[in-house]
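Novice: The structure under discussion is supplied below as structure tokens; questions concerning it will follow.
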Amino acid sequence: MTCPPTGSLRFNGIIRILGINPFVRVTAARARTLQADWRRPMPVLVRVNGYPKSKPWRINMMPMGNGDFYLYLHGDVRRASDTAVGSRVTVDLKFDSEYRNGPLQPVPAWFRQALGKNPKARSAWQELIPSRKKEILRYFSQLKTAEARSRNLKRAIGALAGTTPRFMGRDW
């Protein structure tokens with residue numbers, strides 16, 4: 001493990017998979033070189049095998065509960081760095097001190113209306129942690145067709161109301 005400037009880190013790791021999510025494990029000791037005593041999602045700037053050459057990706061590393069973090073690598077990261085699950089990679093991380101939690105995607109009218117018709121789902125939505133709401137709204141914002149919106153609306157309301165066990169690749 002080498003440590004470039006303070007708040008930065010370069011190390012080698014292997015891309016593993018958890019469920020459907022490829023990740024590189026960042027140990028507690030490595031995470032402390034970025035930001036000491038951090039317990040929540042950690043905003044970092046990321047390069048994998050030197051890519052992207054220009055502006056690094058902004059990713060939140062997710063805590064594992066023991067001080068280690070998951071650095072999840074979405075498809076764009078893996079494509080740009082020409083890597084896959086099982087690949088040995090060089091990871092450059094820098095704590096993203098400029099990160100500011102941006103506004104949530106707006107709640108689509110079609111989702112708001114469905115929540116209004118289902119009190120159990122509405123109550124569950126209000127109790128969700130902000131990051132889960134943000135994840136769902138970001139997912140909804142990427143749906144392209146009316147058919148996809150309808151299908152995912154049914155799953156989301158079912159998951160929130162407790163009648164559909166899976167939505168967005170997880171059990172609810």
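Letters A, B, ... mark the chains of the structure tokens in the order given; residue numbers begin at 1 per chain; ligand numbers begin at 1, in order shown.
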List every residue of chain A that DSSP, applied to the backbone of this structure, assigns to strand (DSSP E), and report them as a ChimeraX atom specification.

Specialist: /A:8-14,16-18,21-26,42-48,57-63,69-72,88-95,166-167,170-171

Novice: Can you write out as a tab-separated table which residues of segment 83-146 of chain A fall within 12 Å of segment 19-34 of chain A, alongside each residue's closest atom pair and its distance in Å to one decimal, counting only C-alpha atoms and ordering rows by chain and ascending residue number?

Specialist:
```
residue	atom	partner	partner_atom	distance
A:Thr83	CA	A:Pro22	CA	10.5
A:Ala84	CA	A:Pro22	CA	8.2
A:Val85	CA	A:Pro22	CA	6.4
A:Gly86	CA	A:Pro22	CA	9.4
A:Ser87	CA	A:Val24	CA	10.1
A:Arg88	CA	A:Val24	CA	9.6
A:Val89	CA	A:Val24	CA	8.8
A:Thr90	CA	A:Val24	CA	10.2
A:Val91	CA	A:Val24	CA	8.7
A:Asp92	CA	A:Leu34	CA	11.0
A:Leu93	CA	A:Leu34	CA	7.9
A:Lys94	CA	A:Leu34	CA	6.5
A:Phe95	CA	A:Leu34	CA	5.5
A:Asp96	CA	A:Leu34	CA	9.2
A:Ser97	CA	A:Leu34	CA	10.2
```

Novice: Compare A:Asn12, A:Asn152, A:Asn60, A:Ser54 by their minimum atom-to-atom distance to Tyr139 of chain A, counting only C-alpha atoms, and give me the closest one.

Specialist: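 Ranked by minimum distance to Tyr139 of chain A, first place goes to A:Asn152.
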
Novice: Near segment 107-110 of chain A, counting only C-alpha atoms, which residues have an atom at most 12 Å away, once you skip same-chain residues fewer than 3 positions from it, shown as a ChimeraX atom specification?

Specialist: /A:103-104,113-117,125,133-143,146,149-150,152-154,156-157

Novice: Among segment 50-152 of chain A, which residues does DSSP mark as helix (DSSP H, G or I) when it is run on the backbone? Keep the chain and numbering as in the structure and answer as a PyMOL selection string.

Specialist: chain A and resi 75-80+109-117+119-127+130-141+146-152

Novice: Give me, please, the distance in Å between atom CA of Gly50 of chain A and atom CA of Met62 of chain A, quoted to one decimal.

Specialist: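 Those two atoms sit 21.9 Å apart.
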
Novice: Looking at only C-alpha atoms, which of A:Trp38, A:Leu160, A:Arg151, A:Asp171 is the one that sits closest to Ala121 of chain A?

Specialist: A:Leu160
